[in-house]
>>> print(open('run_30.tsv').read())   # TSV, C-alpha atoms
chain	number	residue	atom	x	y	z
A	132	MET	CA	223.95	49.12	-15.31
A	133	VAL	CA	223.12	50.86	-12.03
A	134	GLY	CA	219.65	51.65	-13.34
A	135	GLY	CA	219.19	48.01	-14.32
A	136	ILE	CA	220.10	46.83	-10.81
A	137	LYS	CA	217.64	49.34	-9.32
A	138	SER	CA	214.93	48.03	-11.62
A	139	LEU	CA	215.65	44.46	-10.54
A	140	ILE	CA	215.47	45.46	-6.88
A	141	ILE	CA	212.18	47.27	-7.42
A	142	CYS	CA	210.73	44.31	-9.33
A	143	ALA	CA	211.90	41.83	-6.69
A	144	SER	CA	210.37	43.96	-3.94
A	145	ALA	CA	207.07	44.15	-5.82
A	146	ALA	CA	207.05	40.39	-6.34
A	147	LEU	CA	207.75	39.79	-2.65
A	148	ALA	CA	204.86	42.05	-1.66
A	149	ALA	CA	202.60	40.23	-4.08
A	150	CYS	CA	203.60	36.87	-2.57
A	151	THR	CA	203.19	37.98	1.05
A	152	PRO	CA	199.79	36.77	2.32
A	153	THR	CA	197.49	39.43	3.70
A	154	PRO	CA	197.03	38.97	7.45
A	155	PRO	CA	193.53	37.67	8.23
A	156	THR	CA	191.05	40.17	9.59
A	157	PRO	CA	189.13	39.15	12.73
A	158	ILE	CA	185.45	38.49	12.11
A	159	VAL	CA	183.13	40.58	14.30
A	160	ARG	CA	180.65	38.94	16.65
A	161	LYS	CA	177.45	40.95	17.14
A	162	GLU	CA	174.54	40.92	19.57
A	163	TRP	CA	171.58	38.88	18.29
A	164	ARG	CA	169.06	41.76	18.25
A	165	THR	CA	171.37	43.92	16.11
A	166	LEU	CA	171.37	41.41	13.25
A	167	THR	CA	169.06	42.01	10.32
A	168	THR	CA	166.20	39.59	9.72
A	169	SER	CA	168.13	38.03	6.83
A	170	GLU	CA	171.27	37.68	8.96
A	171	LYS	CA	169.29	35.93	11.67
A	172	ALA	CA	167.76	33.60	9.09
A	173	GLU	CA	171.19	32.81	7.64
A	174	TYR	CA	172.51	31.88	11.07
A	175	ILE	CA	169.53	29.67	11.96
A	176	ASN	CA	169.74	27.96	8.57
A	177	ALA	CA	173.42	27.24	9.24
A	178	VAL	CA	172.47	25.72	12.61
A	179	LYS	CA	169.90	23.52	10.86
A	180	CYS	CA	172.59	22.52	8.37
A	181	ILE	CA	175.05	21.41	11.05
A	182	LEU	CA	172.23	19.56	12.81
A	183	ALA	CA	171.63	17.59	9.61
A	184	LYS	CA	175.22	16.89	8.54
A	185	PRO	CA	176.51	13.36	9.30
A	186	ALA	CA	178.83	13.00	12.27
A	187	LEU	CA	182.61	12.72	11.91
A	188	THR	CA	182.99	10.47	14.93
A	189	PRO	CA	184.38	7.13	13.69
A	190	GLU	CA	182.17	4.16	14.34
A	191	GLY	CA	183.34	2.36	17.46
A	192	SER	CA	184.54	5.44	19.33
A	193	PRO	CA	181.30	5.99	21.26
A	194	PRO	CA	179.60	2.97	22.84
A	195	THR	CA	177.43	0.64	20.77
A	196	GLY	CA	174.04	2.23	20.22
A	197	HIS	CA	175.50	5.71	20.63
A	198	GLY	CA	173.59	8.85	19.72
A	199	VAL	CA	176.31	10.64	17.76
A	200	ILE	CA	174.37	11.05	14.52
A	201	SER	CA	175.16	14.58	13.33
A	202	ARG	CA	178.02	17.04	13.27
A	203	TYR	CA	176.15	18.93	15.96
A	204	ASP	CA	176.21	15.74	18.05
A	205	ASN	CA	180.00	15.65	17.75
A	206	LEU	CA	180.19	18.75	19.92
A	207	VAL	CA	177.49	17.63	22.36
A	208	TYR	CA	179.33	14.31	22.72
A	209	THR	CA	182.63	16.11	23.38
A	210	HIS	CA	180.99	18.31	26.03
A	211	ILE	CA	179.48	15.28	27.77
A	212	GLN	CA	182.82	13.47	27.72
A	213	GLN	CA	184.64	16.43	29.26
A	214	THR	CA	181.96	17.87	31.53
A	215	MET	CA	183.77	16.89	34.71
A	216	GLN	CA	187.09	18.17	33.39
A	217	VAL	CA	186.08	21.63	32.13
A	218	HIS	CA	183.75	23.04	34.80
A	219	TYR	CA	184.74	24.59	38.15
A	220	VAL	CA	188.36	24.59	36.98
A	221	GLY	CA	190.85	27.25	35.93
A	222	HIS	CA	190.55	26.42	32.23
A	223	PHE	CA	186.73	26.63	32.19
A	224	LEU	CA	186.63	29.87	30.18
A	225	ALA	CA	189.54	28.95	27.92
A	226	TRP	CA	188.01	25.57	26.99
A	227	HIS	CA	184.62	27.11	26.26
A	228	ARG	CA	186.27	29.87	24.21
A	229	LEU	CA	187.79	27.14	22.03
A	230	PHE	CA	184.52	25.18	21.98
A	231	THR	CA	182.46	28.18	20.79
A	232	ALA	CA	185.09	29.18	18.21
A	233	THR	CA	185.10	25.61	16.89
A	234	TYR	CA	181.32	25.70	16.45
A	235	GLU	CA	181.64	29.06	14.70
A	236	LYS	CA	184.19	27.58	12.25
A	237	MET	CA	181.95	24.58	11.61
A	238	LEU	CA	179.05	26.84	10.66
A	239	ARG	CA	181.27	28.90	8.36
A	240	ASN	CA	183.40	26.15	6.80
A	241	GLU	CA	180.85	23.34	6.55
A	242	CYS	CA	177.56	25.17	6.10
A	243	GLY	CA	178.50	28.33	4.23
A	244	TYR	CA	177.61	30.77	7.00
A	245	THR	CA	179.18	34.15	6.23
A	246	GLY	CA	178.77	35.85	9.59
A	247	ALA	CA	180.35	35.46	13.01
A	248	GLN	CA	178.90	33.69	16.03
A	249	PRO	CA	176.30	36.06	17.54
A	250	TYR	CA	176.05	36.59	21.27
A	251	TRP	CA	173.14	37.18	23.62
A	252	ASP	CA	173.66	40.17	25.92
A	253	TRP	CA	171.39	38.99	28.70
A	254	THR	CA	171.86	42.20	30.69
A	255	LEU	CA	169.44	43.80	28.20
A	256	ASP	CA	166.76	41.22	29.03
A	257	ALA	CA	167.34	40.45	32.70
A	258	ALA	CA	164.13	42.17	33.76
A	259	ASP	CA	162.13	39.59	31.76
A	260	ILE	CA	164.00	37.12	29.61
A	261	THR	CA	160.73	35.79	28.17
A	262	ALA	CA	160.51	39.01	26.12
A	263	SER	CA	164.03	38.62	24.71
A	264	PRO	CA	164.41	38.62	20.90
A	265	VAL	CA	166.39	35.38	21.14
A	266	PHE	CA	163.12	33.61	22.01
A	267	ASP	CA	161.12	35.18	19.18
A	268	PRO	CA	159.23	32.43	17.32
A	269	MET	CA	159.72	34.06	13.90
A	270	THR	CA	163.23	35.53	13.99
A	271	GLY	CA	164.72	33.77	17.03
A	272	PHE	CA	165.02	30.32	18.54
A	273	GLY	CA	161.48	29.86	19.80
A	274	GLY	CA	160.41	30.14	23.39
A	275	ASN	CA	159.35	28.09	26.38
A	276	GLY	CA	157.86	24.62	26.70
A	277	PRO	CA	154.54	23.91	28.46
A	278	TRP	CA	154.43	23.37	32.20
A	279	VAL	CA	155.72	20.05	33.53
A	280	PRO	CA	155.27	19.45	37.29
A	281	SER	CA	158.40	19.01	39.39
A	282	ASP	CA	159.30	15.57	40.68
A	283	PRO	CA	159.22	15.69	44.50
A	284	THR	CA	161.46	12.59	44.67
A	285	ALA	CA	164.25	14.07	42.51
A	286	TRP	CA	167.65	14.36	44.18
A	287	MET	CA	168.07	17.94	42.92
A	288	PRO	CA	165.59	20.65	43.94
A	289	PRO	CA	163.70	22.41	41.14
A	290	VAL	CA	165.15	25.62	39.74
A	291	PRO	CA	163.45	28.52	41.54
A	292	GLY	CA	160.83	30.26	39.42
A	293	ARG	CA	160.77	27.68	36.60
A	294	THR	CA	157.77	28.04	34.29
A	295	GLY	CA	157.86	25.27	31.64
A	296	GLY	CA	159.80	22.08	31.04
A	297	GLY	CA	158.15	20.56	27.98
A	298	CYS	CA	159.00	20.59	24.27
A	299	VAL	CA	159.32	24.06	22.75
A	300	VAL	CA	156.05	24.88	20.98
A	301	ASP	CA	157.18	27.49	18.48
A	302	GLY	CA	160.21	28.65	16.53
A	303	PRO	CA	162.54	26.82	14.12
A	304	PHE	CA	163.11	23.78	16.36
A	305	ALA	CA	159.54	23.07	17.46
A	306	GLY	CA	157.81	19.82	16.56
A	307	ILE	CA	161.03	17.86	16.01
A	308	ASN	CA	160.97	14.81	18.26
A	309	ASP	CA	164.52	13.71	17.46
A	310	LEU	CA	166.38	17.03	17.47
A	311	VAL	CA	168.42	15.93	20.51
A	312	HIS	CA	170.10	12.51	20.39
A	313	LEU	CA	172.17	12.35	23.60
A	314	GLY	CA	171.49	12.62	27.31
A	315	PRO	CA	169.98	13.40	29.66
A	316	GLY	CA	172.97	13.60	31.94
A	317	ASP	CA	176.09	11.79	30.78
A	318	SER	CA	174.30	9.17	28.68
A	319	LEU	CA	175.88	8.69	25.24
A	320	LEU	CA	173.27	6.22	24.03
A	321	TYR	CA	170.86	7.16	21.25
A	322	ASN	CA	167.84	8.75	22.88
A	323	PRO	CA	165.72	10.83	20.47
A	324	GLN	CA	164.19	13.84	22.22
A	325	CYS	CA	162.60	17.16	21.45
A	326	LEU	CA	164.24	20.43	22.45
A	327	LYS	CA	162.94	21.39	25.90
A	328	ARG	CA	163.01	24.69	27.73
A	329	ASP	CA	161.97	25.56	31.24
A	330	LEU	CA	162.42	29.33	31.45
A	331	ALA	CA	162.98	30.71	34.93
A	332	PRO	CA	162.67	34.50	34.57
A	333	SER	CA	163.01	35.34	38.26
A	334	PHE	CA	166.16	33.22	38.56
A	335	ALA	CA	167.63	34.82	35.44
A	336	SER	CA	166.93	38.31	36.77
A	337	MET	CA	169.00	37.54	39.87
A	338	TYR	CA	172.16	36.63	37.98
A	339	LEU	CA	172.02	38.10	34.45
A	340	GLY	CA	171.55	41.76	35.32
A	341	MET	CA	174.15	44.50	34.95
A	342	ASN	CA	174.78	44.46	38.70
A	343	GLN	CA	176.09	40.87	38.60
A	344	THR	CA	177.99	41.60	35.39
A	345	GLN	CA	179.67	44.64	37.00
A	346	LEU	CA	180.54	42.59	40.08
A	347	THR	CA	182.17	40.02	37.82
A	348	LEU	CA	184.02	42.62	35.76
A	349	SER	CA	185.44	44.33	38.86
A	350	GLN	CA	187.46	41.33	40.05
A	351	PRO	CA	191.19	42.08	40.49
A	352	ASP	CA	192.68	38.91	39.01
A	353	PHE	CA	191.68	35.93	36.92
A	354	GLY	CA	191.25	33.58	39.86
A	355	TRP	CA	188.56	35.76	41.37
A	356	PHE	CA	187.04	36.62	38.00
A	357	ASN	CA	186.65	32.96	37.05
A	358	ALA	CA	185.20	32.09	40.46
A	359	VAL	CA	182.55	34.82	40.22
A	360	VAL	CA	181.65	33.86	36.62
A	361	GLU	CA	180.94	30.26	37.61
A	362	GLY	CA	179.64	30.87	41.11
A	363	SER	CA	178.85	27.69	43.01
A	364	PRO	CA	176.59	24.72	42.23
A	365	SER	CA	174.02	26.15	44.65
A	366	PHE	CA	171.06	28.08	43.23
A	367	ASP	CA	171.64	30.55	46.06
A	368	ALA	CA	175.14	31.44	44.88
A	369	SER	CA	175.13	31.15	41.11
A	370	GLY	CA	177.00	33.43	38.70
A	371	VAL	CA	176.32	34.67	35.19
A	372	HIS	CA	177.21	31.22	33.83
A	373	GLY	CA	174.55	29.42	35.86
A	374	GLY	CA	172.16	32.34	35.44
A	375	GLY	CA	172.04	31.74	31.70
A	376	HIS	CA	171.90	27.97	31.87
A	377	PHE	CA	169.25	27.61	34.55
A	378	GLY	CA	167.41	30.76	33.49
A	379	VAL	CA	166.78	29.13	30.09
A	380	GLY	CA	166.90	25.42	30.88
A	381	GLY	CA	165.36	25.42	34.34
A	382	THR	CA	164.95	21.90	35.67
A	383	PHE	CA	163.83	19.98	32.57
A	384	GLY	CA	165.34	21.88	29.65
A	385	GLN	CA	168.61	20.77	28.07
A	386	MET	CA	170.26	24.11	28.90
A	387	GLY	CA	169.88	23.26	32.58
A	388	ASP	CA	171.69	19.93	32.14
A	389	LEU	CA	175.40	20.40	32.90
A	390	ASN	CA	176.33	17.61	30.50
A	391	THR	CA	174.06	18.05	27.49
A	392	SER	CA	173.49	21.82	27.61
A	393	PRO	CA	174.99	22.41	24.12
A	394	ALA	CA	172.00	20.49	22.71
A	395	ASP	CA	170.10	23.80	22.86
A	396	PRO	CA	171.51	26.14	20.17
A	397	ILE	CA	171.10	29.08	22.57
A	398	PHE	CA	174.06	27.58	24.47
A	399	HIS	CA	176.44	29.10	21.93
A	400	LEU	CA	174.94	32.58	22.18
A	401	HIS	CA	175.15	32.40	25.97
A	402	HIS	CA	178.77	31.25	25.95
A	403	ALA	CA	179.70	33.81	23.31
A	404	ASN	CA	178.55	36.49	25.76
A	405	LEU	CA	180.45	34.85	28.63
A	406	ASP	CA	183.50	34.97	26.36
A	407	ARG	CA	182.74	38.61	25.57
A	408	LEU	CA	182.63	39.28	29.32
A	409	TRP	CA	186.03	37.61	29.75
A	410	TRP	CA	187.51	39.58	26.85
A	411	SER	CA	186.01	42.76	28.35
A	412	TRP	CA	187.79	41.95	31.61
A	413	GLN	CA	191.04	41.11	29.80
A	414	SER	CA	190.84	44.35	27.81
A	415	LEU	CA	190.77	46.42	31.00
A	416	ASN	CA	194.47	45.62	31.48
A	417	LEU	CA	196.24	44.53	28.30
A	418	PRO	CA	198.68	42.98	27.74
A	419	ALA	CA	199.00	41.83	31.37
A	420	ARG	CA	195.76	39.86	31.36
A	421	LEU	CA	196.75	37.89	28.26
A	422	SER	CA	198.83	35.74	30.59
A	423	ASP	CA	196.70	35.92	33.74
A	424	ILE	CA	195.42	32.39	34.28
A	425	SER	CA	195.02	30.32	37.43
A	426	GLY	CA	192.69	27.97	39.24
A	427	PRO	CA	192.47	24.25	39.97
A	428	SER	CA	193.03	21.72	37.22
A	429	ILE	CA	190.60	19.22	38.81
A	430	ILE	CA	186.92	19.97	39.40
A	431	MET	CA	186.10	21.28	42.87
A	432	GLN	CA	189.61	20.48	44.15
A	433	PRO	CA	191.26	23.81	45.00
A	434	THR	CA	194.51	22.12	46.05
A	435	SER	CA	194.98	20.39	42.69
A	436	PRO	CA	197.82	21.62	40.43
A	437	ASN	CA	197.29	25.15	39.17
A	438	VAL	CA	196.23	25.65	35.54
A	439	THR	CA	198.93	27.32	33.43
A	440	LEU	CA	199.15	28.64	29.88
A	441	ALA	CA	200.55	25.24	28.88
A	442	HIS	CA	197.43	23.37	30.01
A	443	PRO	CA	196.10	21.23	27.12
A	444	LEU	CA	192.68	21.79	25.53
A	445	SER	CA	190.77	19.47	23.19
A	446	VAL	CA	187.40	19.57	21.41
A	447	GLY	CA	187.68	16.06	20.01
A	448	VAL	CA	187.24	15.33	16.31
A	449	SER	CA	185.91	18.80	15.52
A	450	GLY	CA	189.13	20.73	16.09
A	451	VAL	CA	192.86	20.72	16.69
A	452	ASP	CA	194.23	20.13	20.17
A	453	THR	CA	195.85	23.23	21.62
A	454	THR	CA	196.69	24.96	24.92
A	455	VAL	CA	195.24	27.65	27.16
A	456	GLY	CA	197.96	30.05	26.02
A	457	ASP	CA	196.87	29.67	22.40
A	458	VAL	CA	193.36	31.03	23.06
A	459	MET	CA	194.11	33.91	25.41
A	460	LYS	CA	194.05	36.59	22.67
A	461	ILE	CA	190.86	36.47	20.62
A	462	ASP	CA	192.12	38.64	17.74
A	463	ALA	CA	195.56	37.03	17.38
A	464	CYS	CA	194.77	35.55	13.95
A	465	GLY	CA	197.85	33.34	13.95
A	466	THR	CA	200.19	35.85	15.61
A	467	GLY	CA	200.58	34.49	19.12
A	468	GLY	CA	197.33	32.52	19.03
A	469	SER	CA	194.79	30.80	16.80
A	470	MET	CA	191.65	32.76	17.68
A	471	CYS	CA	190.59	35.29	15.02
A	472	TYR	CA	187.48	37.23	15.97
A	473	THR	CA	186.45	40.25	17.98
A	474	TYR	CA	183.27	41.86	19.36
A	475	ASP	CA	181.29	44.86	18.20
A	476	SER	CA	181.23	46.22	21.75
A	477	LEU	CA	182.54	45.35	25.20
A	478	TYR	CA	181.39	45.81	28.77
A	479	THR	CA	183.06	48.61	30.70
A	480	LEU	CA	183.33	49.27	34.43
A	481	LEU	CA	180.73	51.81	35.50
>>> encode(input="run_30.tsv", output="structure tokens")
Amino acid sequence: MVGGIKSLIICASAALAACTPTPPTPIVRKEWRTLTTSEKAEYINAVKCILAKPALTPEGSPPTGHGVISRYDNLVYTHIQQTMQVHYVGHFLAWHRLFTATYEKMLRNECGYTGAQPYWDWTLDAADITASPVFDPMTGFGGNGPWVPSDPTAWMPPVPGRTGGGCVVDGPFAGINDLVHLGPGDSLLYNPQCLKRDLAPSFASMYLGMNQTQLTLSQPDFGWFNAVVEGSPSFDASGVHGGGHFGVGGTFGQMGDLNTSPADPIFHLHHANLDRLWWSWQSLNLPARLSDISGPSIIMQPTSPNVTLAHPLSVGVSGVDTTVGDVMKIDACGTGGSMCYTYDSLYTLL
């Protein structure tokens, strides 16, 4: 009888093990230039897929005549809606971590993409971003647009060193006059546009080099780290965030538009690397930096209530509402957080 009981115990234990789900393994985000040609093509095809899929936004949510046509527009719309709530605040990096991860899930779950969201390590290209593989017309996202003169009456000065401004002339998104449906600025009305770029190599070299990245990584706490990442709205005191946006978008490109910047697919590679920089900084002092969060909750108002781990985050119809605390650990995979990815390499302090 004793042997029979032992057999039952062994069988029950085996059944329990068989029923226990295997913990998910974090997917690995890689730098764009390390992907194979077929991997790059798979990613770009997934981007084209999400650009073509019908939007989820229920009719009546945006204004009449809105430009939310595709699933891609869902995210652009969300970014426009929340632009003044998620920049120059303490939850800037946390919200964009959720935003990029949501896009990554859309590509994988809705368009069959099997990889992870790639990132663009701009430190490798800071000397001349025009030569970066991300702008390759055959295996990248296409390059610059033709020169468009600056408007001397514009309220905002032109981005220093800008070189283009017109519709991209090569690559997978060239020649499409209705690729972008929203903007410029905070306009939500249907406005078919081409994808524009206005590369500013000299501006990018000022803020995307390893020196600026090391300065950012060396900050002692999150408050300082976040402040150095974002810099200020002035072109004379930008950070790596503005370096990527204005270095690619310049004055007339969508990447240089604070509201509609996600309309350029390079946005997600740029923000994946900003997220990689944050995770690199967090990883310098784990687990302490998994709870290090601070900063104003209202844009450009340093005396507003401090952001905490309980601060709410939302990406609209494309994801589930959550909190800052839920996204602090990128490889949590359901154990203390919902993020489930990692990076093939991290920045280190030199």
>>> closest_residue(input="run_30.tsv", among="A:Gln345, A:Thr453, A:Thr214, A:Ser263", to="A:Ser392", atoms="all atoms listed in the file")
A:Thr214
>>> closest_residue(input="run_30.tsv", among="A:Pro157, A:Pro351, A:Gly296, A:Gly426", to="A:Asp329", atoms="all atoms listed in the file")
A:Gly296
>>> residues_around(input="run_30.tsv", residues="A:Leu400", least_positions_apart="5", cutoff="8 Å", atoms="only C-alpha atoms", output="list in words")
Gln248, Pro249, Tyr250 and Trp251 of chain A
>>> residues_around(input="run_30.tsv", residues="A:Pro443", least_positions_apart="6", cutoff="12 Å", atoms="only C-alpha atoms", output="PDB file with C-alpha atoms, keeping the file's coordinate frame")
ATOM      1  CA  GLN A 216     187.090  18.170  33.390  1.00  0.00           C
ATOM      2  CA  VAL A 217     186.080  21.630  32.130  1.00  0.00           C
ATOM      3  CA  GLY A 221     190.850  27.250  35.930  1.00  0.00           C
ATOM      4  CA  HIS A 222     190.550  26.420  32.230  1.00  0.00           C
ATOM      5  CA  PHE A 223     186.730  26.630  32.190  1.00  0.00           C
ATOM      6  CA  ALA A 225     189.540  28.950  27.920  1.00  0.00           C
ATOM      7  CA  TRP A 226     188.010  25.570  26.990  1.00  0.00           C
ATOM      8  CA  LEU A 229     187.790  27.140  22.030  1.00  0.00           C
ATOM      9  CA  SER A 428     193.030  21.720  37.220  1.00  0.00           C
ATOM     10  CA  VAL A 451     192.860  20.720  16.690  1.00  0.00           C
ATOM     11  CA  ASP A 452     194.230  20.130  20.170  1.00  0.00           C
ATOM     12  CA  THR A 453     195.850  23.230  21.620  1.00  0.00           C
ATOM     13  CA  THR A 454     196.690  24.960  24.920  1.00  0.00           C
ATOM     14  CA  VAL A 455     195.240  27.650  27.160  1.00  0.00           C
ATOM     15  CA  GLY A 456     197.960  30.050  26.020  1.00  0.00           C
ATOM     16  CA  ASP A 457     196.870  29.670  22.400  1.00  0.00           C
ATOM     17  CA  VAL A 458     193.360  31.030  23.060  1.00  0.00           C
TER      18      VAL A 458
END
>>> closest_residue(input="run_30.tsv", among="A:Pro291, A:His442, A:His210, A:Met269", to="A:Thr231", atoms="all atoms listed in the file")
A:His210
>>> closest_residue(input="run_30.tsv", among="A:Leu480, A:Ile424, A:Leu440, A:Ile181", to="A:Leu206", atoms="only C-alpha atoms")
A:Ile181
>>> closest_residue(input="run_30.tsv", among="A:Asp388, A:Asp475, A:Glu361, A:Asp367", to="A:Trp410", atoms="all atoms listed in the file")
A:Asp475
>>> closest_residue(input="run_30.tsv", among="A:Ala358, A:Leu389, A:Leu408, A:Val446", to="A:Tyr219", atoms="all atoms listed in the file")
A:Ala358
>>> atom_distance(input="run_30.tsv", atom1="atom CA of A:Ala403", atom2="atom CA of A:Gly292")
25.1 Å
>>> residues_around(input="run_30.tsv", residues="A:Thr233", least_positions_apart="3", cutoff="8 Å", atoms="only C-alpha atoms", output="PyMOL selection string")
chain A and resi 229-230+236-237+446+449-450
>>> residues_near_point(input="run_30.tsv", point="(173.5, 15.4, 6.7)", cutoff="12 Å", atoms="only C-alpha atoms", output="CSV table (one decimal) with C-alpha atoms, in the frame of the given file")
chain,number,residue,atom,x,y,z
A,178,VAL,CA,172.5,25.7,12.6
A,179,LYS,CA,169.9,23.5,10.9
A,180,CYS,CA,172.6,22.5,8.4
A,181,ILE,CA,175.0,21.4,11.0
A,182,LEU,CA,172.2,19.6,12.8
A,183,ALA,CA,171.6,17.6,9.6
A,184,LYS,CA,175.2,16.9,8.5
A,185,PRO,CA,176.5,13.4,9.3
A,186,ALA,CA,178.8,13.0,12.3
A,187,LEU,CA,182.6,12.7,11.9
A,200,ILE,CA,174.4,11.0,14.5
A,201,SER,CA,175.2,14.6,13.3
A,202,ARG,CA,178.0,17.0,13.3
A,203,TYR,CA,176.2,18.9,16.0
A,204,ASP,CA,176.2,15.7,18.0
A,241,GLU,CA,180.8,23.3,6.6
A,242,CYS,CA,177.6,25.2,6.1
>>> axis_aligned_box(input="run_30.tsv", around="stretch 151-163 of chain A", padding_each_side="5 Å", output="lines of an AutoDock Vina configuration file")
center_x = 187.4
center_y = 38.9
center_z = 10.3
size_x = 41.6
size_y = 14.2
size_z = 28.5
>>> residues_near_point(input="run_30.tsv", point="(171.8, 19.0, 27.7)", cutoff="10 Å", atoms="only C-alpha atoms", output="list in words")
Val207, His210, Ile211, Val311, His312, Leu313, Gly314, Pro315, Gly316, Asp317, Leu326, Lys327, His376, Gly380, Phe383, Gly384, Gln385, Met386, Gly387, Asp388, Leu389, Asn390, Thr391, Ser392, Pro393, Ala394, Asp395 and Phe398 of chain A
>>> residues_around(input="run_30.tsv", residues="A:Ser349", least_positions_apart="6", cutoff="10 Å", atoms="all atoms listed in the file", output="number ranges by chain")
A: 343, 355-356, 412, 415, 479-481
>>> write_last_selection(input="run_30.tsv", atoms="C-alpha atoms", output="mmCIF file, in the coordinates of the input")
data_model
loop_
_atom_site.group_PDB
_atom_site.id
_atom_site.type_symbol
_atom_site.label_atom_id
_atom_site.label_comp_id
_atom_site.auth_asym_id
_atom_site.auth_seq_id
_atom_site.Cartn_x
_atom_site.Cartn_y
_atom_site.Cartn_z
ATOM 1 C CA GLN A 343 176.090 40.870 38.600
ATOM 2 C CA TRP A 355 188.560 35.760 41.370
ATOM 3 C CA PHE A 356 187.040 36.620 38.000
ATOM 4 C CA TRP A 412 187.790 41.950 31.610
ATOM 5 C CA LEU A 415 190.770 46.420 31.000
ATOM 6 C CA THR A 479 183.060 48.610 30.700
ATOM 7 C CA LEU A 480 183.330 49.270 34.430
ATOM 8 C CA LEU A 481 180.730 51.810 35.500
#
>>> atom_distance(input="run_30.tsv", atom1="atom CA of A:His197", atom2="atom CA of A:Gly306")
23.0 Å
>>> atom_distance(input="run_30.tsv", atom1="atom CA of A:Asp259", atom2="atom CA of A:Ser336")
7.1 Å
>>> closest_atom_pairs(input="run_30.tsv", of="stretch 263-335 of chain A", to="stretch 158-177 of chain A", cutoff="7 Å", atoms="only C-alpha atoms", output="Markdown table")
| residue | atom | partner | partner_atom | distance |
| --- | --- | --- | --- | --- |
| A:Pro264 | CA | A:Arg164 | CA | 6.2 |
| A:Val265 | CA | A:Trp163 | CA | 6.9 |
| A:Thr270 | CA | A:Lys171 | CA | 6.5 |
